[in-house]
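A.B. asks: Got a structure for you, questions after.
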Number of protein chains: 2
Amino acid sequence: MNPDFLKRKKDILSKQDKSSKQGYDEKIKDLCEKINQKQNYYTTSSCSGRVVVVKDISKSPGVFLFASHDLIDFENLKKELEGIKDNGIFKQEPCILHVACREFKDAEKLLKKAQLGGWKRSGIISSKDKFICELLSTEKLEFPIADKGKLLVDDDFLKVVVEKSNENLEKSWEKIGRLKSLL
Amino acid sequence: MNPDFLKRKKDILSKQDKSSKQGYDEKIKDLCEKINQKQNYYTTSSCSGRVVVVKDISKSPGVFLFASHDLIDFENLKKELEGIKDNGIFKQEPCILHVACREFKDAEKLLKKAQLGGWKRSGIISSKDKFICELLSTEKLEFPIADKGKLLVDDDFLKVVVEKSNENLEKSWEKIGRLKSLL
């Protein structure tokens with residue numbers, strides 16, 4: 001069953017990375033490579049967790065006002081926020097991974113390991129000619145940060161948010177490590 | 001296959017509701033009932049979307065400082081926030097539904113309809129003796145609102161949050177309606 005899987009896997013993994021970063025996030029690279037070494041799996045997208053400030057509009061060019069895949073610090077965030085001219089949304093997002101799986105039993109196996117590794121919001125999201133697992137953790141922050149160029153939050157709030165975001169990013173990285181060791 | 005499914009469905013649906021609310025949220029009741037009328041499906045949990053303020057600790061009794069399944073208003077939220085003595089997290093969460101499905105093809109069919117209806121974070125999360133679909137939308141806010149009893153945000157911020165929360169709740173209710181009409 002599914003004879004085209006290996007051909008598609010080869011095609012996908014040899015194509016140029018279309019993400020704006022042009023490559024895996026450093027913290028999730030080893031996990032992706034471990035998955036891609038297994039015959040019946042390949043990753044189609046990944047993020048190790050991130051903090052972004054985006055314009056409050058649907059996806060369009062220049063929507064990112066700030067983006068970090070590493071720990072953030074108050075001074076740097078504050079500086080970036082000074083440039084906001086419109087509405088802004090702050091988002092700290094957990095690690096996410098999309099994996100194509102050859103057979104249902106392959107998807108089932110990966111899903112169980114992800115759940116065991118603490119990726120609590122994981123599921124099989126597509127079953128057309130292959131099975132796609134979306135593996136996702138839950139640590140997340142999201143709130144409006146600027147309204148018509150005016151910052152809506154003060155330094156005390158931002159300091160708590162920086163601390164919480166960094167805690168959450170570290171939890172994501174822990175979960176990446178746990179899943180890697182379970183595979 | 002799966003001969004025990006109908007027996008378990010009957011058992012589950014006749015059991016007393018264990019949620020603190022003791023019943024479906026009003027806005028998702030019709031959708032749950034429509035699902036439960038279909039032989040090969042039954043709902044195991046549901047929420048139409050909500051706004052809560054919780055203590056920043058792992059689940060424990062009395063963790064909810066504020067909870068609403070309906071639109072919120074600034075005056076009322078502000079009043080509730082005055083009573084916070086510890087750390088608090090504000091969460092506006094989207095609609096969520098867990099549905100037990102008899103066969104894989106039943107789960108697949110429901111999943112596709114949920115995705116088509118805008119429940120973008122949906123997947124098959126378990127496949128032990130039946131298949132469980134988690135259907136989830138994405139409109140969400142989450143941020144620290146109080147630190148050691150001190151409110152971290154001002155009225156201007158809260159007013160934007162109330163407006164955004166209500167927009168998000170209405171999007172959840174729209175999606176509940178869309179899924180119901182697709183079933």
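The way I read the labels, and the way they are meant: chains A, B, ... in the order of the structure tokens, residue 1 as the first residue of every chain, and ligand 1 as the first ligand shown, with later ones counted on from there.
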Rotate and translate chain B onto chain A via least squares on all in-order Cα pairs, then write the result as a PDB file with C-alpha atoms, in the first residue's frame.
C.D. replies:
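Resulting contents of part_12.pdb:
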ATOM      1  CA  MET B   1      -0.018   0.008  -0.010  1.00  0.00           C
ATOM      2  CA  ASN B   2       0.991   3.581  -0.608  1.00  0.00           C
ATOM      3  CA  PRO B   3       3.785   2.916  -3.142  1.00  0.00           C
ATOM      4  CA  ASP B   4       4.278   6.625  -3.956  1.00  0.00           C
ATOM      5  CA  PHE B   5       5.150   7.514  -0.370  1.00  0.00           C
ATOM      6  CA  LEU B   6       8.916   7.105  -0.665  1.00  0.00           C
ATOM      7  CA  LYS B   7       9.048   8.983  -3.957  1.00  0.00           C
ATOM      8  CA  ARG B   8       7.099  11.899  -2.469  1.00  0.00           C
ATOM      9  CA  LYS B   9       9.266  11.836   0.639  1.00  0.00           C
ATOM     10  CA  LYS B  10      12.386  12.158  -1.508  1.00  0.00           C
ATOM     11  CA  ASP B  11      10.837  14.973  -3.563  1.00  0.00           C
ATOM     12  CA  ILE B  12       9.702  16.938  -0.518  1.00  0.00           C
ATOM     13  CA  LEU B  13      12.946  16.611   1.436  1.00  0.00           C
ATOM     14  CA  SER B  14      15.091  17.597  -1.568  1.00  0.00           C
ATOM     15  CA  LYS B  15      13.009  20.699  -2.372  1.00  0.00           C
ATOM     16  CA  GLN B  16      14.197  24.081  -1.276  1.00  0.00           C
ATOM     17  CA  ASP B  17      12.744  25.077   2.102  1.00  0.00           C
ATOM     18  CA  LYS B  18       9.932  27.545   1.447  1.00  0.00           C
ATOM     19  CA  SER B  19       9.764  28.982   4.987  1.00  0.00           C
ATOM     20  CA  SER B  20      11.007  32.501   5.527  1.00  0.00           C
ATOM     21  CA  LYS B  21      13.762  31.085   7.750  1.00  0.00           C
ATOM     22  CA  GLN B  22      15.033  28.703   5.010  1.00  0.00           C
ATOM     23  CA  GLY B  23      15.700  25.844   7.402  1.00  0.00           C
ATOM     24  CA  TYR B  24      14.704  24.077  10.612  1.00  0.00           C
ATOM     25  CA  ASP B  25      14.691  26.035  13.875  1.00  0.00           C
ATOM     26  CA  GLU B  26      17.879  25.084  15.693  1.00  0.00           C
ATOM     27  CA  LYS B  27      16.057  23.588  18.686  1.00  0.00           C
ATOM     28  CA  ILE B  28      13.939  21.184  16.587  1.00  0.00           C
ATOM     29  CA  LYS B  29      16.493  20.265  13.900  1.00  0.00           C
ATOM     30  CA  ASP B  30      17.677  17.028  15.543  1.00  0.00           C
ATOM     31  CA  LEU B  31      14.111  15.816  16.125  1.00  0.00           C
ATOM     32  CA  CYS B  32      13.165  16.467  12.476  1.00  0.00           C
ATOM     33  CA  GLU B  33      16.275  14.694  11.240  1.00  0.00           C
ATOM     34  CA  LYS B  34      15.580  11.685  13.480  1.00  0.00           C
ATOM     35  CA  ILE B  35      12.034  11.473  12.073  1.00  0.00           C
ATOM     36  CA  ASN B  36      13.215  11.835   8.483  1.00  0.00           C
ATOM     37  CA  GLN B  37      15.707   8.987   8.939  1.00  0.00           C
ATOM     38  CA  LYS B  38      12.770   6.620   9.496  1.00  0.00           C
ATOM     39  CA  GLN B  39      11.493   5.137   6.245  1.00  0.00           C
ATOM     40  CA  ASN B  40       7.770   5.614   6.895  1.00  0.00           C
ATOM     41  CA  TYR B  41       7.830   9.256   8.012  1.00  0.00           C
ATOM     42  CA  TYR B  42       8.802  12.702   6.811  1.00  0.00           C
ATOM     43  CA  THR B  43       8.296  16.164   8.298  1.00  0.00           C
ATOM     44  CA  THR B  44       6.431  18.757   6.238  1.00  0.00           C
ATOM     45  CA  SER B  45       6.707  21.714   8.646  1.00  0.00           C
ATOM     46  CA  SER B  46       8.077  22.478  12.088  1.00  0.00           C
ATOM     47  CA  CYS B  47       8.584  25.235  14.634  1.00  0.00           C
ATOM     48  CA  SER B  48      10.384  24.927  17.979  1.00  0.00           C
ATOM     49  CA  GLY B  49       8.097  27.513  19.593  1.00  0.00           C
ATOM     50  CA  ARG B  50       8.296  31.254  19.092  1.00  0.00           C
ATOM     51  CA  VAL B  51       7.335  34.715  20.207  1.00  0.00           C
ATOM     52  CA  VAL B  52       5.894  37.074  17.599  1.00  0.00           C
ATOM     53  CA  VAL B  53       4.149  40.396  17.483  1.00  0.00           C
ATOM     54  CA  VAL B  54       1.920  40.604  14.422  1.00  0.00           C
ATOM     55  CA  LYS B  55      -0.364  43.154  12.867  1.00  0.00           C
ATOM     56  CA  ASP B  56      -3.983  42.404  13.708  1.00  0.00           C
ATOM     57  CA  ILE B  57      -5.005  41.590  10.150  1.00  0.00           C
ATOM     58  CA  SER B  58      -5.217  38.433   8.138  1.00  0.00           C
ATOM     59  CA  LYS B  59      -1.909  37.089   6.775  1.00  0.00           C
ATOM     60  CA  SER B  60      -0.176  39.545   4.489  1.00  0.00           C
ATOM     61  CA  PRO B  61       3.407  40.575   3.697  1.00  0.00           C
ATOM     62  CA  GLY B  62       5.116  42.421   6.484  1.00  0.00           C
ATOM     63  CA  VAL B  63       2.690  41.113   9.075  1.00  0.00           C
ATOM     64  CA  PHE B  64       5.478  40.319  11.548  1.00  0.00           C
ATOM     65  CA  LEU B  65       6.588  43.257  13.688  1.00  0.00           C
ATOM     66  CA  PHE B  66       8.815  41.076  15.898  1.00  0.00           C
ATOM     67  CA  ALA B  67       9.793  37.408  15.827  1.00  0.00           C
ATOM     68  CA  SER B  68      12.034  35.309  18.056  1.00  0.00           C
ATOM     69  CA  HIS B  69      12.673  31.570  18.254  1.00  0.00           C
ATOM     70  CA  ASP B  70      14.920  32.104  21.259  1.00  0.00           C
ATOM     71  CA  LEU B  71      14.371  33.436  24.777  1.00  0.00           C
ATOM     72  CA  ILE B  72      13.321  37.080  24.743  1.00  0.00           C
ATOM     73  CA  ASP B  73      14.406  39.894  27.008  1.00  0.00           C
ATOM     74  CA  PHE B  74      12.455  42.861  28.256  1.00  0.00           C
ATOM     75  CA  GLU B  75      14.751  45.623  26.956  1.00  0.00           C
ATOM     76  CA  ASN B  76      14.829  44.239  23.438  1.00  0.00           C
ATOM     77  CA  LEU B  77      11.080  43.575  23.278  1.00  0.00           C
ATOM     78  CA  LYS B  78      10.346  47.061  24.612  1.00  0.00           C
ATOM     79  CA  LYS B  79      12.559  48.625  21.952  1.00  0.00           C
ATOM     80  CA  GLU B  80      10.828  46.688  19.172  1.00  0.00           C
ATOM     81  CA  LEU B  81       7.417  47.705  20.488  1.00  0.00           C
ATOM     82  CA  GLU B  82       8.261  51.380  20.235  1.00  0.00           C
ATOM     83  CA  GLY B  83       8.035  51.114  16.437  1.00  0.00           C
ATOM     84  CA  ILE B  84       4.415  49.868  16.311  1.00  0.00           C
ATOM     85  CA  LYS B  85       2.187  52.120  14.227  1.00  0.00           C
ATOM     86  CA  ASP B  86      -0.984  50.026  13.963  1.00  0.00           C
ATOM     87  CA  ASN B  87      -2.724  47.380  15.980  1.00  0.00           C
ATOM     88  CA  GLY B  88      -0.526  44.608  17.295  1.00  0.00           C
ATOM     89  CA  ILE B  89      -1.089  41.137  18.745  1.00  0.00           C
ATOM     90  CA  PHE B  90       1.514  39.453  20.955  1.00  0.00           C
ATOM     91  CA  LYS B  91       1.724  35.676  20.499  1.00  0.00           C
ATOM     92  CA  GLN B  92       3.903  33.136  22.218  1.00  0.00           C
ATOM     93  CA  GLU B  93       3.305  29.876  20.409  1.00  0.00           C
ATOM     94  CA  PRO B  94       4.328  26.325  21.396  1.00  0.00           C
ATOM     95  CA  CYS B  95       6.324  23.824  19.356  1.00  0.00           C
ATOM     96  CA  ILE B  96       4.466  22.373  16.360  1.00  0.00           C
ATOM     97  CA  LEU B  97       5.332  19.640  13.890  1.00  0.00           C
ATOM     98  CA  HIS B  98       3.564  18.194  10.856  1.00  0.00           C
ATOM     99  CA  VAL B  99       4.624  14.688   9.900  1.00  0.00           C
ATOM    100  CA  ALA B 100       3.534  12.648   6.873  1.00  0.00           C
ATOM    101  CA  CYS B 101       3.124   8.971   7.821  1.00  0.00           C
ATOM    102  CA  ARG B 102       2.990   6.088   5.346  1.00  0.00           C
ATOM    103  CA  GLU B 103       0.301   3.919   6.951  1.00  0.00           C
ATOM    104  CA  PHE B 104      -2.316   4.452   9.639  1.00  0.00           C
ATOM    105  CA  LYS B 105      -0.358   2.293  12.102  1.00  0.00           C
ATOM    106  CA  ASP B 106       2.688   4.568  11.601  1.00  0.00           C
ATOM    107  CA  ALA B 107       0.586   7.648  12.397  1.00  0.00           C
ATOM    108  CA  GLU B 108      -0.949   5.917  15.428  1.00  0.00           C
ATOM    109  CA  LYS B 109       2.507   5.024  16.783  1.00  0.00           C
ATOM    110  CA  LEU B 110       3.862   8.561  16.369  1.00  0.00           C
ATOM    111  CA  LEU B 111       0.741  10.107  17.888  1.00  0.00           C
ATOM    112  CA  LYS B 112       1.003   7.955  21.023  1.00  0.00           C
ATOM    113  CA  LYS B 113       4.656   8.875  21.504  1.00  0.00           C
ATOM    114  CA  ALA B 114       3.930  12.581  21.048  1.00  0.00           C
ATOM    115  CA  GLN B 115       1.119  12.425  23.623  1.00  0.00           C
ATOM    116  CA  LEU B 116       3.397  10.537  26.012  1.00  0.00           C
ATOM    117  CA  GLY B 117       6.071  13.201  25.452  1.00  0.00           C
ATOM    118  CA  GLY B 118       3.710  15.975  26.531  1.00  0.00           C
ATOM    119  CA  TRP B 119       2.589  17.249  23.095  1.00  0.00           C
ATOM    120  CA  LYS B 120      -0.967  17.355  24.404  1.00  0.00           C
ATOM    121  CA  ARG B 121      -2.766  18.846  21.413  1.00  0.00           C
ATOM    122  CA  SER B 122      -1.787  16.229  18.834  1.00  0.00           C
ATOM    123  CA  GLY B 123      -3.896  14.377  16.319  1.00  0.00           C
ATOM    124  CA  ILE B 124      -4.192  12.809  12.885  1.00  0.00           C
ATOM    125  CA  ILE B 125      -5.523  15.667  10.773  1.00  0.00           C
ATOM    126  CA  SER B 126      -5.594  14.180   7.269  1.00  0.00           C
ATOM    127  CA  SER B 127      -5.913  10.718   5.741  1.00  0.00           C
ATOM    128  CA  LYS B 128      -6.122  11.268   1.999  1.00  0.00           C
ATOM    129  CA  ASP B 129      -3.312   9.261   0.402  1.00  0.00           C
ATOM    130  CA  LYS B 130      -0.991   9.422   3.387  1.00  0.00           C
ATOM    131  CA  PHE B 131      -1.667  10.262   7.044  1.00  0.00           C
ATOM    132  CA  ILE B 132      -0.652  13.646   8.448  1.00  0.00           C
ATOM    133  CA  CYS B 133      -0.014  14.006  12.173  1.00  0.00           C
ATOM    134  CA  GLU B 134      -0.135  17.466  13.674  1.00  0.00           C
ATOM    135  CA  LEU B 135       1.894  17.407  16.889  1.00  0.00           C
ATOM    136  CA  LEU B 136       1.361  20.441  19.071  1.00  0.00           C
ATOM    137  CA  SER B 137       1.989  21.456  22.629  1.00  0.00           C
ATOM    138  CA  THR B 138      -0.238  23.795  24.651  1.00  0.00           C
ATOM    139  CA  GLU B 139       1.887  26.519  26.275  1.00  0.00           C
ATOM    140  CA  LYS B 140       0.578  29.689  24.693  1.00  0.00           C
ATOM    141  CA  LEU B 141       0.072  33.392  25.332  1.00  0.00           C
ATOM    142  CA  GLU B 142      -1.927  35.708  23.091  1.00  0.00           C
ATOM    143  CA  PHE B 143      -3.261  39.210  23.681  1.00  0.00           C
ATOM    144  CA  PRO B 144      -3.648  42.606  21.992  1.00  0.00           C
ATOM    145  CA  ILE B 145      -0.554  44.698  22.688  1.00  0.00           C
ATOM    146  CA  ALA B 146      -1.153  47.873  20.692  1.00  0.00           C
ATOM    147  CA  ASP B 147      -4.219  49.720  19.455  1.00  0.00           C
ATOM    148  CA  LYS B 148      -3.776  52.291  16.650  1.00  0.00           C
ATOM    149  CA  GLY B 149      -0.109  52.693  17.518  1.00  0.00           C
ATOM    150  CA  LYS B 150      -0.726  53.090  21.275  1.00  0.00           C
ATOM    151  CA  LEU B 151       0.925  50.494  23.524  1.00  0.00           C
ATOM    152  CA  LEU B 152      -1.790  48.926  25.717  1.00  0.00           C
ATOM    153  CA  VAL B 153       0.435  47.441  28.429  1.00  0.00           C
ATOM    154  CA  ASP B 154       2.974  48.754  30.925  1.00  0.00           C
ATOM    155  CA  ASP B 155       6.452  47.577  31.898  1.00  0.00           C
ATOM    156  CA  ASP B 156       5.321  45.539  34.935  1.00  0.00           C
ATOM    157  CA  PHE B 157       2.958  43.538  32.734  1.00  0.00           C
ATOM    158  CA  LEU B 158       5.598  43.103  30.013  1.00  0.00           C
ATOM    159  CA  LYS B 159       8.139  41.801  32.521  1.00  0.00           C
ATOM    160  CA  VAL B 160       5.702  39.108  33.711  1.00  0.00           C
ATOM    161  CA  VAL B 161       4.950  38.265  30.067  1.00  0.00           C
ATOM    162  CA  VAL B 162       8.639  37.971  29.184  1.00  0.00           C
ATOM    163  CA  GLU B 163       9.196  35.623  32.139  1.00  0.00           C
ATOM    164  CA  LYS B 164       6.139  33.491  31.296  1.00  0.00           C
ATOM    165  CA  SER B 165       7.038  33.391  27.575  1.00  0.00           C
ATOM    166  CA  ASN B 166      10.524  32.172  28.362  1.00  0.00           C
ATOM    167  CA  GLU B 167       9.191  29.516  30.751  1.00  0.00           C
ATOM    168  CA  ASN B 168       6.824  28.375  27.992  1.00  0.00           C
ATOM    169  CA  LEU B 169       9.552  28.271  25.335  1.00  0.00           C
ATOM    170  CA  GLU B 170      11.684  26.161  27.651  1.00  0.00           C
ATOM    171  CA  LYS B 171       8.780  23.773  28.185  1.00  0.00           C
ATOM    172  CA  SER B 172       8.485  23.422  24.390  1.00  0.00           C
ATOM    173  CA  TRP B 173      12.189  22.637  24.090  1.00  0.00           C
ATOM    174  CA  GLU B 174      11.889  20.041  26.866  1.00  0.00           C
ATOM    175  CA  LYS B 175       9.046  18.375  24.969  1.00  0.00           C
ATOM    176  CA  ILE B 176      11.078  18.339  21.764  1.00  0.00           C
ATOM    177  CA  GLY B 177      13.803  16.515  23.699  1.00  0.00           C
ATOM    178  CA  ARG B 178      11.343  14.055  25.246  1.00  0.00           C
ATOM    179  CA  LEU B 179       9.786  13.150  21.890  1.00  0.00           C
ATOM    180  CA  LYS B 180      13.215  12.698  20.335  1.00  0.00           C
ATOM    181  CA  SER B 181      14.217  10.282  23.088  1.00  0.00           C
ATOM    182  CA  LEU B 182      10.944   8.320  22.690  1.00  0.00           C
ATOM    183  CA  LEU B 183      11.445   7.754  18.941  1.00  0.00           C
TER     184      LEU B 183
END
A.B. asks: Could you give me, as an MDAnalysis selection string, each residue of segment 29-166 of chain B that DSSP assigns to helix (DSSP H, G or I) when run on this structure's backbone?
C.D. replies: chainID B and resid 29:36 74:81 104:116 155:166
A.B. asks: Please identify which residues in segment 108-137 of chain B DSSP calls strand (DSSP E or B) from the backbone, and express them as a list in words.
C.D. replies: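 Going through segment 108-137 of chain B, the strand (DSSP E or B) residues come out as Gly123, Ile124, Ile125, Ser126, Phe131, Ile132, Cys133, Glu134, Leu135 and Leu136 of chain B.
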A.B. asks: Kindly save the residues from that selection, with N, CA and C atoms included, as a JSON list (two decimals), in the first residue's frame.
C.D. replies:
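Contents of part-v2.json, as written:
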[["chain", "number", "residue", "atom", "x", "y", "z"],
["B", 123, "GLY", "N", -8.55, 16.93, 15.02],
["B", 123, "GLY", "CA", -7.82, 15.73, 14.64],
["B", 123, "GLY", "C", -8.37, 14.50, 15.33],
["B", 124, "ILE", "N", -7.90, 13.34, 14.88],
["B", 124, "ILE", "CA", -8.24, 12.07, 15.54],
["B", 124, "ILE", "C", -7.16, 11.85, 16.59],
["B", 125, "ILE", "N", -7.57, 11.84, 17.86],
["B", 125, "ILE", "CA", -6.55, 11.84, 18.92],
["B", 125, "ILE", "C", -6.40, 10.48, 19.61],
["B", 126, "SER", "N", -7.28, 9.53, 19.30],
["B", 126, "SER", "CA", -7.19, 8.23, 19.95],
["B", 126, "SER", "C", -7.83, 7.18, 19.05],
["B", 131, "PHE", "N", -12.69, 5.46, 17.92],
["B", 131, "PHE", "CA", -11.88, 6.59, 17.47],
["B", 131, "PHE", "C", -12.42, 7.86, 18.12],
["B", 132, "ILE", "N", -11.53, 8.65, 18.71],
["B", 132, "ILE", "CA", -11.97, 9.91, 19.33],
["B", 132, "ILE", "C", -11.50, 11.07, 18.46],
["B", 133, "CYS", "N", -12.46, 11.90, 18.03],
["B", 133, "CYS", "CA", -12.11, 13.15, 17.35],
["B", 133, "CYS", "C", -12.12, 14.28, 18.36],
["B", 134, "GLU", "N", -11.05, 15.07, 18.35],
["B", 134, "GLU", "CA", -11.07, 16.34, 19.08],
["B", 134, "GLU", "C", -11.28, 17.43, 18.05],
["B", 135, "LEU", "N", -12.40, 18.15, 18.17],
["B", 135, "LEU", "CA", -12.71, 19.24, 17.25],
["B", 135, "LEU", "C", -12.51, 20.54, 18.00],
["B", 136, "LEU", "N", -11.70, 21.42, 17.44],
["B", 136, "LEU", "CA", -11.29, 22.61, 18.18],
["B", 136, "LEU", "C", -11.11, 23.76, 17.21]]
